[in-house]
>>> print(open('query30.txt').read())   # compact mmCIF, N, CA and C atoms and all ligand atoms
# COMPACT_ATOMS: atom_id res chain seq x y z
N MET A 1 -44.60 33.46 19.86
CA MET A 1 -44.56 32.32 20.77
C MET A 1 -43.62 31.24 20.23
N LYS A 2 -42.87 30.63 21.14
CA LYS A 2 -41.95 29.57 20.71
C LYS A 2 -42.74 28.37 20.22
N GLU A 3 -42.18 27.72 19.23
CA GLU A 3 -42.83 26.58 18.59
C GLU A 3 -41.79 25.47 18.46
N GLN A 4 -42.26 24.22 18.41
CA GLN A 4 -41.32 23.10 18.25
C GLN A 4 -41.56 22.38 16.93
N THR A 5 -40.51 21.82 16.38
CA THR A 5 -40.63 21.01 15.16
C THR A 5 -39.66 19.84 15.25
N LEU A 6 -39.87 18.88 14.37
CA LEU A 6 -39.03 17.68 14.36
C LEU A 6 -38.20 17.65 13.08
N ALA A 7 -36.90 17.56 13.26
CA ALA A 7 -35.99 17.44 12.12
C ALA A 7 -35.36 16.05 12.14
N LEU A 8 -35.07 15.53 10.95
CA LEU A 8 -34.29 14.29 10.83
C LEU A 8 -33.11 14.56 9.92
N ILE A 9 -31.96 14.03 10.29
CA ILE A 9 -30.83 13.95 9.37
C ILE A 9 -30.89 12.53 8.80
N LYS A 10 -31.01 12.45 7.49
CA LYS A 10 -31.32 11.17 6.82
C LYS A 10 -30.06 10.34 6.55
N PRO A 11 -30.24 9.05 6.19
CA PRO A 11 -29.09 8.15 6.03
C PRO A 11 -28.05 8.58 4.99
N ASP A 12 -28.46 9.29 3.93
CA ASP A 12 -27.46 9.75 2.95
C ASP A 12 -26.49 10.72 3.60
N ALA A 13 -27.02 11.57 4.48
CA ALA A 13 -26.20 12.60 5.13
C ALA A 13 -25.31 12.01 6.23
N THR A 14 -25.84 11.06 7.02
CA THR A 14 -24.98 10.46 8.05
C THR A 14 -23.89 9.61 7.40
N ALA A 15 -24.20 8.99 6.24
CA ALA A 15 -23.18 8.20 5.54
C ALA A 15 -22.01 9.07 5.09
N LYS A 16 -22.30 10.31 4.78
CA LYS A 16 -21.25 11.24 4.33
C LYS A 16 -20.66 12.06 5.47
N ARG A 17 -21.05 11.75 6.71
CA ARG A 17 -20.53 12.47 7.88
C ARG A 17 -20.86 13.96 7.81
N TYR A 18 -22.08 14.27 7.34
CA TYR A 18 -22.52 15.66 7.26
C TYR A 18 -23.27 16.13 8.51
N GLU A 19 -23.44 15.23 9.50
CA GLU A 19 -24.31 15.63 10.62
C GLU A 19 -23.77 16.84 11.38
N GLY A 20 -22.46 16.95 11.51
CA GLY A 20 -21.89 18.10 12.22
C GLY A 20 -22.18 19.41 11.50
N LYS A 21 -21.99 19.40 10.19
CA LYS A 21 -22.24 20.61 9.39
C LYS A 21 -23.72 21.00 9.45
N ILE A 22 -24.60 19.99 9.35
CA ILE A 22 -26.04 20.27 9.35
C ILE A 22 -26.47 20.84 10.71
N ILE A 23 -26.00 20.22 11.79
CA ILE A 23 -26.35 20.72 13.13
C ILE A 23 -25.81 22.14 13.33
N ASP A 24 -24.61 22.40 12.84
CA ASP A 24 -24.03 23.75 12.94
C ASP A 24 -24.90 24.77 12.20
N ASP A 25 -25.34 24.43 10.99
CA ASP A 25 -26.21 25.34 10.23
C ASP A 25 -27.52 25.60 10.98
N ILE A 26 -28.08 24.54 11.58
CA ILE A 26 -29.35 24.67 12.31
C ILE A 26 -29.17 25.62 13.51
N LEU A 27 -28.08 25.43 14.25
CA LEU A 27 -27.83 26.30 15.41
C LEU A 27 -27.57 27.74 14.98
N LYS A 28 -26.82 27.91 13.90
CA LYS A 28 -26.52 29.27 13.43
C LYS A 28 -27.77 29.97 12.92
N ALA A 29 -28.78 29.20 12.51
CA ALA A 29 -30.04 29.79 12.06
C ALA A 29 -30.95 30.16 13.24
N GLY A 30 -30.50 29.92 14.47
CA GLY A 30 -31.23 30.39 15.63
C GLY A 30 -32.13 29.37 16.32
N PHE A 31 -32.05 28.11 15.89
CA PHE A 31 -32.86 27.07 16.54
C PHE A 31 -32.15 26.57 17.79
N GLU A 32 -32.96 26.22 18.79
CA GLU A 32 -32.44 25.56 19.99
C GLU A 32 -32.69 24.07 19.87
N ILE A 33 -31.71 23.26 20.23
CA ILE A 33 -31.90 21.81 20.26
C ILE A 33 -32.37 21.41 21.65
N LYS A 34 -33.59 20.85 21.71
CA LYS A 34 -34.17 20.47 23.01
C LYS A 34 -33.96 18.99 23.31
N ALA A 35 -33.79 18.17 22.26
CA ALA A 35 -33.53 16.73 22.43
C ALA A 35 -32.97 16.22 21.11
N MET A 36 -32.16 15.16 21.19
CA MET A 36 -31.56 14.63 19.96
C MET A 36 -31.18 13.17 20.18
N LYS A 37 -31.40 12.32 19.16
CA LYS A 37 -30.91 10.94 19.26
C LYS A 37 -30.65 10.33 17.89
N MET A 38 -29.67 9.42 17.88
CA MET A 38 -29.35 8.68 16.67
C MET A 38 -29.99 7.31 16.79
N LEU A 39 -30.57 6.85 15.69
CA LEU A 39 -31.22 5.54 15.70
C LEU A 39 -31.22 4.97 14.29
N HIS A 40 -31.59 3.70 14.19
CA HIS A 40 -31.64 3.04 12.88
C HIS A 40 -33.08 2.54 12.71
N PHE A 41 -33.81 3.13 11.75
CA PHE A 41 -35.19 2.72 11.52
C PHE A 41 -35.26 1.26 11.08
N ASP A 42 -36.18 0.49 11.64
CA ASP A 42 -36.51 -0.78 10.99
C ASP A 42 -37.66 -0.50 10.01
N LYS A 43 -38.00 -1.51 9.22
CA LYS A 43 -38.98 -1.31 8.14
C LYS A 43 -40.31 -0.80 8.68
N ALA A 44 -40.79 -1.42 9.75
CA ALA A 44 -42.10 -1.04 10.31
C ALA A 44 -42.08 0.41 10.79
N GLU A 45 -40.98 0.84 11.40
CA GLU A 45 -40.89 2.23 11.89
C GLU A 45 -40.87 3.22 10.73
N ALA A 46 -40.09 2.92 9.69
CA ALA A 46 -40.04 3.83 8.53
C ALA A 46 -41.41 3.90 7.86
N GLU A 47 -42.09 2.77 7.77
CA GLU A 47 -43.44 2.76 7.16
C GLU A 47 -44.41 3.57 7.99
N ARG A 48 -44.27 3.48 9.30
CA ARG A 48 -45.17 4.23 10.19
C ARG A 48 -44.86 5.74 10.11
N PHE A 49 -43.57 6.08 10.09
CA PHE A 49 -43.20 7.50 10.03
C PHE A 49 -43.71 8.15 8.75
N TYR A 50 -43.64 7.42 7.63
CA TYR A 50 -44.04 7.97 6.33
C TYR A 50 -45.41 7.44 5.87
N ALA A 51 -46.25 7.04 6.82
CA ALA A 51 -47.55 6.44 6.49
C ALA A 51 -48.40 7.31 5.55
N VAL A 52 -48.29 8.64 5.66
CA VAL A 52 -49.10 9.52 4.78
C VAL A 52 -48.76 9.29 3.30
N HIS A 53 -47.58 8.73 3.03
CA HIS A 53 -47.16 8.54 1.64
C HIS A 53 -47.33 7.10 1.15
N LYS A 54 -48.08 6.26 1.90
CA LYS A 54 -48.08 4.83 1.57
C LYS A 54 -48.66 4.49 0.20
N GLU A 55 -49.48 5.37 -0.35
CA GLU A 55 -50.03 5.11 -1.70
C GLU A 55 -49.14 5.64 -2.83
N LYS A 56 -48.10 6.37 -2.48
CA LYS A 56 -47.26 7.00 -3.52
C LYS A 56 -46.31 5.98 -4.15
N ASP A 57 -45.94 6.23 -5.39
CA ASP A 57 -45.03 5.27 -6.04
C ASP A 57 -43.61 5.35 -5.48
N PHE A 58 -43.28 6.44 -4.79
CA PHE A 58 -41.94 6.53 -4.19
C PHE A 58 -41.87 5.93 -2.78
N PHE A 59 -42.99 5.34 -2.27
CA PHE A 59 -43.02 4.88 -0.88
C PHE A 59 -42.03 3.74 -0.60
N ARG A 60 -42.04 2.68 -1.43
CA ARG A 60 -41.14 1.52 -1.20
C ARG A 60 -39.67 1.94 -1.22
N PRO A 61 -39.23 2.62 -2.29
CA PRO A 61 -37.82 3.06 -2.28
C PRO A 61 -37.50 4.05 -1.16
N LEU A 62 -38.48 4.83 -0.74
CA LEU A 62 -38.25 5.76 0.39
C LEU A 62 -38.00 4.96 1.67
N VAL A 63 -38.81 3.93 1.92
CA VAL A 63 -38.63 3.09 3.11
C VAL A 63 -37.28 2.37 3.05
N ALA A 64 -36.91 1.86 1.87
CA ALA A 64 -35.61 1.18 1.71
C ALA A 64 -34.47 2.16 2.02
N PHE A 65 -34.57 3.36 1.50
CA PHE A 65 -33.54 4.39 1.77
C PHE A 65 -33.46 4.72 3.26
N MET A 66 -34.61 4.94 3.88
CA MET A 66 -34.63 5.39 5.27
C MET A 66 -34.20 4.31 6.26
N THR A 67 -34.22 3.03 5.83
CA THR A 67 -33.75 1.94 6.69
C THR A 67 -32.31 1.54 6.36
N GLY A 68 -31.69 2.25 5.44
CA GLY A 68 -30.37 1.87 4.95
C GLY A 68 -29.20 2.35 5.80
N GLY A 69 -29.45 3.13 6.83
CA GLY A 69 -28.37 3.64 7.68
C GLY A 69 -28.96 4.45 8.81
N PRO A 70 -28.11 4.95 9.70
CA PRO A 70 -28.62 5.69 10.85
C PRO A 70 -29.22 7.04 10.49
N VAL A 71 -30.19 7.45 11.29
CA VAL A 71 -30.76 8.79 11.19
C VAL A 71 -30.59 9.47 12.56
N ILE A 72 -30.61 10.79 12.53
CA ILE A 72 -30.58 11.56 13.77
C ILE A 72 -31.87 12.36 13.87
N ALA A 73 -32.62 12.13 14.95
CA ALA A 73 -33.87 12.86 15.20
C ALA A 73 -33.56 14.02 16.14
N ILE A 74 -34.04 15.21 15.79
CA ILE A 74 -33.73 16.42 16.58
C ILE A 74 -35.01 17.19 16.86
N LEU A 75 -35.24 17.46 18.11
CA LEU A 75 -36.38 18.30 18.53
C LEU A 75 -35.89 19.74 18.61
N LEU A 76 -36.45 20.58 17.72
CA LEU A 76 -36.00 21.97 17.60
C LEU A 76 -37.05 22.93 18.16
N GLU A 77 -36.56 24.03 18.71
CA GLU A 77 -37.47 25.06 19.23
C GLU A 77 -37.01 26.45 18.80
N LYS A 78 -37.98 27.28 18.44
CA LYS A 78 -37.71 28.65 17.97
C LYS A 78 -39.07 29.30 17.73
N GLU A 79 -39.09 30.61 17.67
CA GLU A 79 -40.27 31.30 17.16
C GLU A 79 -40.51 30.79 15.75
N ASN A 80 -41.74 30.47 15.40
CA ASN A 80 -42.07 30.10 14.02
C ASN A 80 -41.21 28.93 13.49
N ALA A 81 -40.91 27.98 14.38
CA ALA A 81 -39.93 26.93 14.05
C ALA A 81 -40.31 26.09 12.83
N ILE A 82 -41.60 25.76 12.70
CA ILE A 82 -42.00 24.83 11.64
C ILE A 82 -41.71 25.43 10.27
N GLU A 83 -42.24 26.63 10.05
CA GLU A 83 -42.05 27.29 8.76
C GLU A 83 -40.58 27.66 8.53
N ASP A 84 -39.93 28.17 9.57
CA ASP A 84 -38.54 28.60 9.41
C ASP A 84 -37.62 27.41 9.13
N TYR A 85 -37.88 26.26 9.75
CA TYR A 85 -37.03 25.10 9.47
C TYR A 85 -37.30 24.56 8.05
N ARG A 86 -38.57 24.59 7.62
CA ARG A 86 -38.87 24.18 6.23
C ARG A 86 -38.09 25.08 5.26
N ARG A 87 -38.02 26.37 5.57
CA ARG A 87 -37.29 27.29 4.68
C ARG A 87 -35.79 26.99 4.70
N LEU A 88 -35.23 26.75 5.90
CA LEU A 88 -33.81 26.41 6.01
C LEU A 88 -33.50 25.13 5.25
N MET A 89 -34.43 24.17 5.28
CA MET A 89 -34.25 22.88 4.61
C MET A 89 -34.24 23.03 3.09
N GLY A 90 -35.14 23.81 2.55
CA GLY A 90 -35.24 23.98 1.09
C GLY A 90 -36.18 22.97 0.47
N ARG A 91 -36.40 23.11 -0.83
CA ARG A 91 -37.37 22.27 -1.53
C ARG A 91 -36.95 20.80 -1.57
N THR A 92 -37.92 19.92 -1.76
CA THR A 92 -37.69 18.47 -1.72
C THR A 92 -36.58 18.04 -2.68
N ASP A 93 -36.60 18.59 -3.89
CA ASP A 93 -35.56 18.30 -4.89
C ASP A 93 -34.38 19.26 -4.68
N PRO A 94 -33.23 18.73 -4.23
CA PRO A 94 -32.08 19.61 -3.97
C PRO A 94 -31.70 20.48 -5.18
N GLY A 95 -31.97 19.97 -6.38
CA GLY A 95 -31.68 20.74 -7.59
C GLY A 95 -32.53 21.99 -7.72
N LYS A 96 -33.68 21.99 -7.05
CA LYS A 96 -34.58 23.15 -7.09
C LYS A 96 -34.54 23.97 -5.81
N ALA A 97 -33.78 23.49 -4.81
CA ALA A 97 -33.71 24.19 -3.52
C ALA A 97 -32.87 25.45 -3.65
N ALA A 98 -33.23 26.47 -2.87
CA ALA A 98 -32.52 27.76 -2.93
C ALA A 98 -31.08 27.61 -2.41
N ALA A 99 -30.23 28.49 -2.89
CA ALA A 99 -28.83 28.53 -2.43
C ALA A 99 -28.78 28.70 -0.92
N GLY A 100 -27.87 27.98 -0.29
CA GLY A 100 -27.69 28.11 1.15
C GLY A 100 -28.58 27.20 1.99
N THR A 101 -29.58 26.56 1.37
CA THR A 101 -30.46 25.66 2.14
C THR A 101 -29.74 24.32 2.39
N LEU A 102 -30.23 23.61 3.40
CA LEU A 102 -29.60 22.33 3.77
C LEU A 102 -29.65 21.33 2.61
N ARG A 103 -30.79 21.28 1.92
CA ARG A 103 -30.91 20.30 0.83
C ARG A 103 -30.02 20.69 -0.35
N LYS A 104 -29.90 21.98 -0.62
CA LYS A 104 -28.98 22.41 -1.69
C LYS A 104 -27.54 22.04 -1.35
N LYS A 105 -27.17 22.27 -0.09
CA LYS A 105 -25.77 22.07 0.31
C LYS A 105 -25.42 20.59 0.49
N TYR A 106 -26.37 19.81 1.03
CA TYR A 106 -26.01 18.45 1.45
C TYR A 106 -26.81 17.34 0.76
N GLY A 107 -27.90 17.67 0.04
CA GLY A 107 -28.73 16.65 -0.60
C GLY A 107 -28.14 16.20 -1.93
N GLU A 108 -28.61 15.01 -2.38
CA GLU A 108 -28.12 14.46 -3.66
C GLU A 108 -29.23 14.46 -4.70
N THR A 109 -30.38 13.89 -4.30
CA THR A 109 -31.50 13.69 -5.23
C THR A 109 -32.81 13.94 -4.48
N THR A 110 -33.91 13.91 -5.21
CA THR A 110 -35.23 14.11 -4.58
C THR A 110 -35.46 13.12 -3.44
N ARG A 111 -34.98 11.89 -3.58
CA ARG A 111 -35.13 10.93 -2.48
C ARG A 111 -34.05 11.15 -1.42
N ARG A 112 -32.82 11.19 -1.85
CA ARG A 112 -31.67 11.29 -0.93
C ARG A 112 -31.38 12.77 -0.68
N ASN A 113 -32.26 13.38 0.11
CA ASN A 113 -32.21 14.85 0.24
C ASN A 113 -31.82 15.33 1.64
N ALA A 114 -31.08 14.51 2.35
CA ALA A 114 -30.32 14.90 3.57
C ALA A 114 -31.13 15.13 4.84
N VAL A 115 -32.29 15.76 4.72
CA VAL A 115 -33.03 16.15 5.93
C VAL A 115 -34.54 16.05 5.76
N HIS A 116 -35.21 15.93 6.89
CA HIS A 116 -36.68 15.97 6.96
C HIS A 116 -37.07 17.09 7.92
N GLY A 117 -38.23 17.67 7.70
CA GLY A 117 -38.80 18.62 8.66
C GLY A 117 -40.32 18.53 8.67
N SER A 118 -40.93 18.64 9.84
CA SER A 118 -42.39 18.60 9.95
C SER A 118 -43.00 19.71 9.11
N ASP A 119 -44.20 19.43 8.55
CA ASP A 119 -44.80 20.40 7.63
C ASP A 119 -46.00 21.15 8.20
N SER A 120 -46.41 20.84 9.45
CA SER A 120 -47.58 21.52 10.03
C SER A 120 -47.54 21.30 11.55
N PRO A 121 -48.26 22.12 12.31
CA PRO A 121 -48.31 21.92 13.76
C PRO A 121 -48.81 20.52 14.14
N GLU A 122 -49.82 20.01 13.43
CA GLU A 122 -50.36 18.68 13.73
C GLU A 122 -49.29 17.61 13.53
N ASN A 123 -48.61 17.68 12.39
CA ASN A 123 -47.58 16.67 12.11
C ASN A 123 -46.35 16.85 13.00
N ALA A 124 -46.02 18.08 13.36
CA ALA A 124 -44.89 18.29 14.28
C ALA A 124 -45.18 17.59 15.61
N LYS A 125 -46.39 17.74 16.10
CA LYS A 125 -46.77 17.11 17.37
C LYS A 125 -46.65 15.59 17.29
N LYS A 126 -47.18 15.03 16.19
CA LYS A 126 -47.13 13.57 16.00
C LYS A 126 -45.69 13.09 15.86
N GLU A 127 -44.89 13.82 15.06
CA GLU A 127 -43.52 13.38 14.79
C GLU A 127 -42.63 13.52 16.02
N ILE A 128 -42.85 14.55 16.83
CA ILE A 128 -42.09 14.70 18.07
C ILE A 128 -42.41 13.52 19.00
N ALA A 129 -43.71 13.18 19.08
CA ALA A 129 -44.12 12.07 19.96
C ALA A 129 -43.58 10.72 19.45
N PHE A 130 -43.35 10.62 18.15
CA PHE A 130 -42.80 9.39 17.56
C PHE A 130 -41.41 9.09 18.16
N PHE A 131 -40.62 10.12 18.39
CA PHE A 131 -39.22 9.93 18.84
C PHE A 131 -38.98 10.24 20.30
N PHE A 132 -39.75 11.18 20.88
CA PHE A 132 -39.35 11.67 22.21
C PHE A 132 -40.46 11.58 23.25
P1 LIG B 201 -40.72 16.79 2.04
O1 LIG B 201 -39.69 15.89 2.71
O2 LIG B 201 -40.09 17.94 1.31
O3 LIG B 201 -41.83 17.20 2.98
P2 LIG B 201 -42.58 14.83 0.91
O4 LIG B 201 -43.41 15.09 -0.30
O5 LIG B 201 -43.27 14.84 2.23
O6 LIG B 201 -41.38 15.91 0.88
O7 LIG B 201 -41.85 13.46 0.69
C1 LIG B 201 -41.21 12.79 1.75
C2 LIG B 201 -39.87 12.27 1.26
O8 LIG B 201 -40.09 11.30 0.24
C3 LIG B 201 -38.97 13.32 0.59
O9 LIG B 201 -38.25 14.12 1.48
C4 LIG B 201 -38.08 12.44 -0.27
O10 LIG B 201 -37.07 11.81 0.51
C5 LIG B 201 -39.08 11.39 -0.75
N1 LIG B 201 -39.72 11.78 -2.02
C6 LIG B 201 -40.71 12.68 -2.21
N2 LIG B 201 -41.07 12.79 -3.52
C7 LIG B 201 -40.26 11.93 -4.17
C8 LIG B 201 -40.14 11.58 -5.56
O11 LIG B 201 -40.82 12.10 -6.44
N3 LIG B 201 -39.18 10.65 -5.85
C9 LIG B 201 -38.40 10.06 -4.90
N4 LIG B 201 -38.49 10.36 -3.60
C10 LIG B 201 -39.42 11.28 -3.23
MG MG B 202 -43.22 15.97 3.97
>>> encode(input="query30.txt", output="C-alpha cells")
Amino acid sequence: MKEQTLALIKPDATAKRYEGKIIDDILKAGFEIKAMKMLHFDKAEAERFYAVHKEKDFFRPLVAFMTGGPVIAILLEKENAIEDYRRLMGRTDPGKAAAGTLRKKYGETTRRNAVHGSDSPENAKKEIAFFF
C-alpha cells in the first residue's frame, strides 16, 4: 500500500544550492512528490516542529539552525515511504551515514545534516499536517 512521509531540505542544504540534487535523488529513488513548498521557519514554528526534542541539549542550537535560512517541505508518496526515505536519508551523523545516502552526500555535521524525514506513521501524519 502506498504511504506518505514528510521530508525537509534544511537551511544548510538550501544555502549551498543543493535542493536540485536532493530532489533529483529523491525522484530517482522512486518517490512521488505530491506537494512541495519553500518557507522560512520562525522561532515558534521551529520549536513546535521539533517539540519532541525540547528537553535535549541540542534543542536551542537546532532551533537557531532551522531558523537561519529557507527550508523546503516535501510531501512524498511511495510504497513503504517512511522507512525507505529514512534509509535514503542515512544516519543523523553524516560521518556515520552509508555511502550514497543524502546525509553522506550533502550533510556537514550531526546538526547541519541537510535533510529531515518522518520517523513513524504517527509523526508522518502530524508533520504532513504541519505544512500541508
Ligand atoms: P533524525 O533527524 O535523524 O531523526 P533526531 O534525533 O530526531 O534525528 O534529531 C533531530 C535533529 O536534531 C537532527 O536531524 C539534527 O539536525 C539535530 N541533532 C540530533 N542530535 C544532535 C546532536 O547530538 N548534536 C547536534 N544536533 C543534533
Ligand atoms: Mg527525528
>>> residues_near_ligand(input="query30.txt", ligand="ligand MG 202 (chain B)", cutoff="7 Å", atoms="only N, CA and C atoms and all ligand atoms", output="mmCIF file with N, CA and C atoms, keeping the file's coordinate frame")
data_model
loop_
_atom_site.group_PDB
_atom_site.id
_atom_site.type_symbol
_atom_site.label_atom_id
_atom_site.label_comp_id
_atom_site.auth_asym_id
_atom_site.auth_seq_id
_atom_site.Cartn_x
_atom_site.Cartn_y
_atom_site.Cartn_z
ATOM 1 N N GLY A 117 -38.230 17.670 7.700
ATOM 2 C CA GLY A 117 -38.800 18.620 8.660
ATOM 3 C C GLY A 117 -40.320 18.530 8.670
ATOM 4 N N SER A 118 -40.930 18.640 9.840
ATOM 5 C CA SER A 118 -42.390 18.600 9.950
ATOM 6 C C SER A 118 -43.000 19.710 9.110
ATOM 7 N N ASP A 119 -44.200 19.430 8.550
ATOM 8 C CA ASP A 119 -44.800 20.400 7.630
ATOM 9 C C ASP A 119 -46.000 21.150 8.200
#
>>> closest_residue(input="query30.txt", among="A:Arg86, A:Lys28, A:Arg111, A:Arg17", to="ligand LIG 201 (chain B)", atoms="all atoms listed in the file")
A:Arg111
>>> closest_residue(input="query30.txt", among="A:Ala46, A:Ile22, A:Ala81, A:Met89", to="Ser120 (chain A)", atoms="only C-alpha atoms")
A:Ala81
>>> residues_around(input="query30.txt", residues="Met1 (chain A)", least_positions_apart="2", cutoff="9 Å", atoms="only C-alpha atoms", output="short mmCIF file (atom, residue, chain, number, x, y, z; two decimals) with N, CA and C atoms, in the coordinates of the input")
data_model
loop_
_atom_site.label_atom_id
_atom_site.label_comp_id
_atom_site.auth_asym_id
_atom_site.auth_seq_id
_atom_site.Cartn_x
_atom_site.Cartn_y
_atom_site.Cartn_z
N GLU A 3 -42.18 27.72 19.23
CA GLU A 3 -42.83 26.58 18.59
C GLU A 3 -41.79 25.47 18.46
N LYS A 78 -37.98 27.28 18.44
CA LYS A 78 -37.71 28.65 17.97
C LYS A 78 -39.07 29.30 17.73
N GLU A 79 -39.09 30.61 17.67
CA GLU A 79 -40.27 31.30 17.16
C GLU A 79 -40.51 30.79 15.75
N ASN A 80 -41.74 30.47 15.40
CA ASN A 80 -42.07 30.10 14.02
C ASN A 80 -41.21 28.93 13.49
#
>>> closest_residue(input="query30.txt", among="A:Leu76, A:His53, A:Asn123, A:Pro70", to="Leu39 (chain A)", atoms="all atoms listed in the file")
A:Pro70
>>> residues_near_ligand(input="query30.txt", ligand="ligand LIG 201 (chain B)", cutoff="6.5 Å", atoms="only N, CA and C atoms and all ligand atoms", output="mmCIF file with N, CA and C atoms, in the coordinates of the input")
data_model
loop_
_atom_site.group_PDB
_atom_site.id
_atom_site.type_symbol
_atom_site.label_atom_id
_atom_site.label_comp_id
_atom_site.auth_asym_id
_atom_site.auth_seq_id
_atom_site.Cartn_x
_atom_site.Cartn_y
_atom_site.Cartn_z
ATOM 1 N N PHE A 58 -43.280 6.440 -4.790
ATOM 2 C CA PHE A 58 -41.940 6.530 -4.190
ATOM 3 C C PHE A 58 -41.870 5.930 -2.780
ATOM 4 N N LEU A 62 -38.480 4.830 -0.740
ATOM 5 C CA LEU A 62 -38.250 5.760 0.390
ATOM 6 C C LEU A 62 -38.000 4.960 1.670
ATOM 7 N N GLY A 90 -35.140 23.810 2.550
ATOM 8 C CA GLY A 90 -35.240 23.980 1.090
ATOM 9 C C GLY A 90 -36.180 22.970 0.470
ATOM 10 N N ARG A 91 -36.400 23.110 -0.830
ATOM 11 C CA ARG A 91 -37.370 22.270 -1.530
ATOM 12 C C ARG A 91 -36.950 20.800 -1.570
ATOM 13 N N THR A 92 -37.920 19.920 -1.760
ATOM 14 C CA THR A 92 -37.690 18.470 -1.720
ATOM 15 C C THR A 92 -36.580 18.040 -2.680
ATOM 16 N N ASP A 93 -36.600 18.590 -3.890
ATOM 17 C CA ASP A 93 -35.560 18.300 -4.890
ATOM 18 C C ASP A 93 -34.380 19.260 -4.680
ATOM 19 N N THR A 110 -33.910 13.910 -5.210
ATOM 20 C CA THR A 110 -35.230 14.110 -4.580
ATOM 21 C C THR A 110 -35.460 13.120 -3.440
ATOM 22 N N ARG A 111 -34.980 11.890 -3.580
ATOM 23 C CA ARG A 111 -35.130 10.930 -2.480
ATOM 24 C C ARG A 111 -34.050 11.150 -1.420
ATOM 25 N N ARG A 112 -32.820 11.190 -1.850
ATOM 26 C CA ARG A 112 -31.670 11.290 -0.930
ATOM 27 C C ARG A 112 -31.380 12.770 -0.680
ATOM 28 N N ASN A 113 -32.260 13.380 0.110
ATOM 29 C CA ASN A 113 -32.210 14.850 0.240
ATOM 30 C C ASN A 113 -31.820 15.330 1.640
ATOM 31 N N VAL A 115 -32.290 15.760 4.720
ATOM 32 C CA VAL A 115 -33.030 16.150 5.930
ATOM 33 C C VAL A 115 -34.540 16.050 5.760
ATOM 34 N N HIS A 116 -35.210 15.930 6.890
ATOM 35 C CA HIS A 116 -36.680 15.970 6.960
ATOM 36 C C HIS A 116 -37.070 17.090 7.920
ATOM 37 N N GLY A 117 -38.230 17.670 7.700
ATOM 38 C CA GLY A 117 -38.800 18.620 8.660
ATOM 39 C C GLY A 117 -40.320 18.530 8.670
ATOM 40 N N ASP A 119 -44.200 19.430 8.550
ATOM 41 C CA ASP A 119 -44.800 20.400 7.630
ATOM 42 C C ASP A 119 -46.000 21.150 8.200
#
>>> axis_aligned_box(input="query30.txt", around="region 114-123 of chain A", padding_each_side="6 Å", output="lines of an AutoDock Vina configuration file")
center_x = -40.3
center_y = 18.3
center_z = 8.2
size_x = 32.0
size_y = 19.6
size_z = 23.8
>>> atom_distance(input="query30.txt", atom1="CA of Met66 (chain A)", atom2="atom N of Pro11 (chain A)")
5.8 Å
>>> closest_residue(input="query30.txt", among="A:Asp42, A:Leu75, A:Glu32, A:Asp12", to="Ala129 (chain A)", atoms="only C-alpha atoms")
A:Leu75
>>> atom_distance(input="query30.txt", atom1="atom C of Ala64 (chain A)", atom2="atom N of Glu47 (chain A)")
9.6 Å
>>> select_by_dssp(input="query30.txt", residues="region 1-57 of chain A", states="helix (DSSP H, G or I)", output="VMD selection string")
chain A and resid 11 to 15 19 to 28 43 to 49 51 to 53
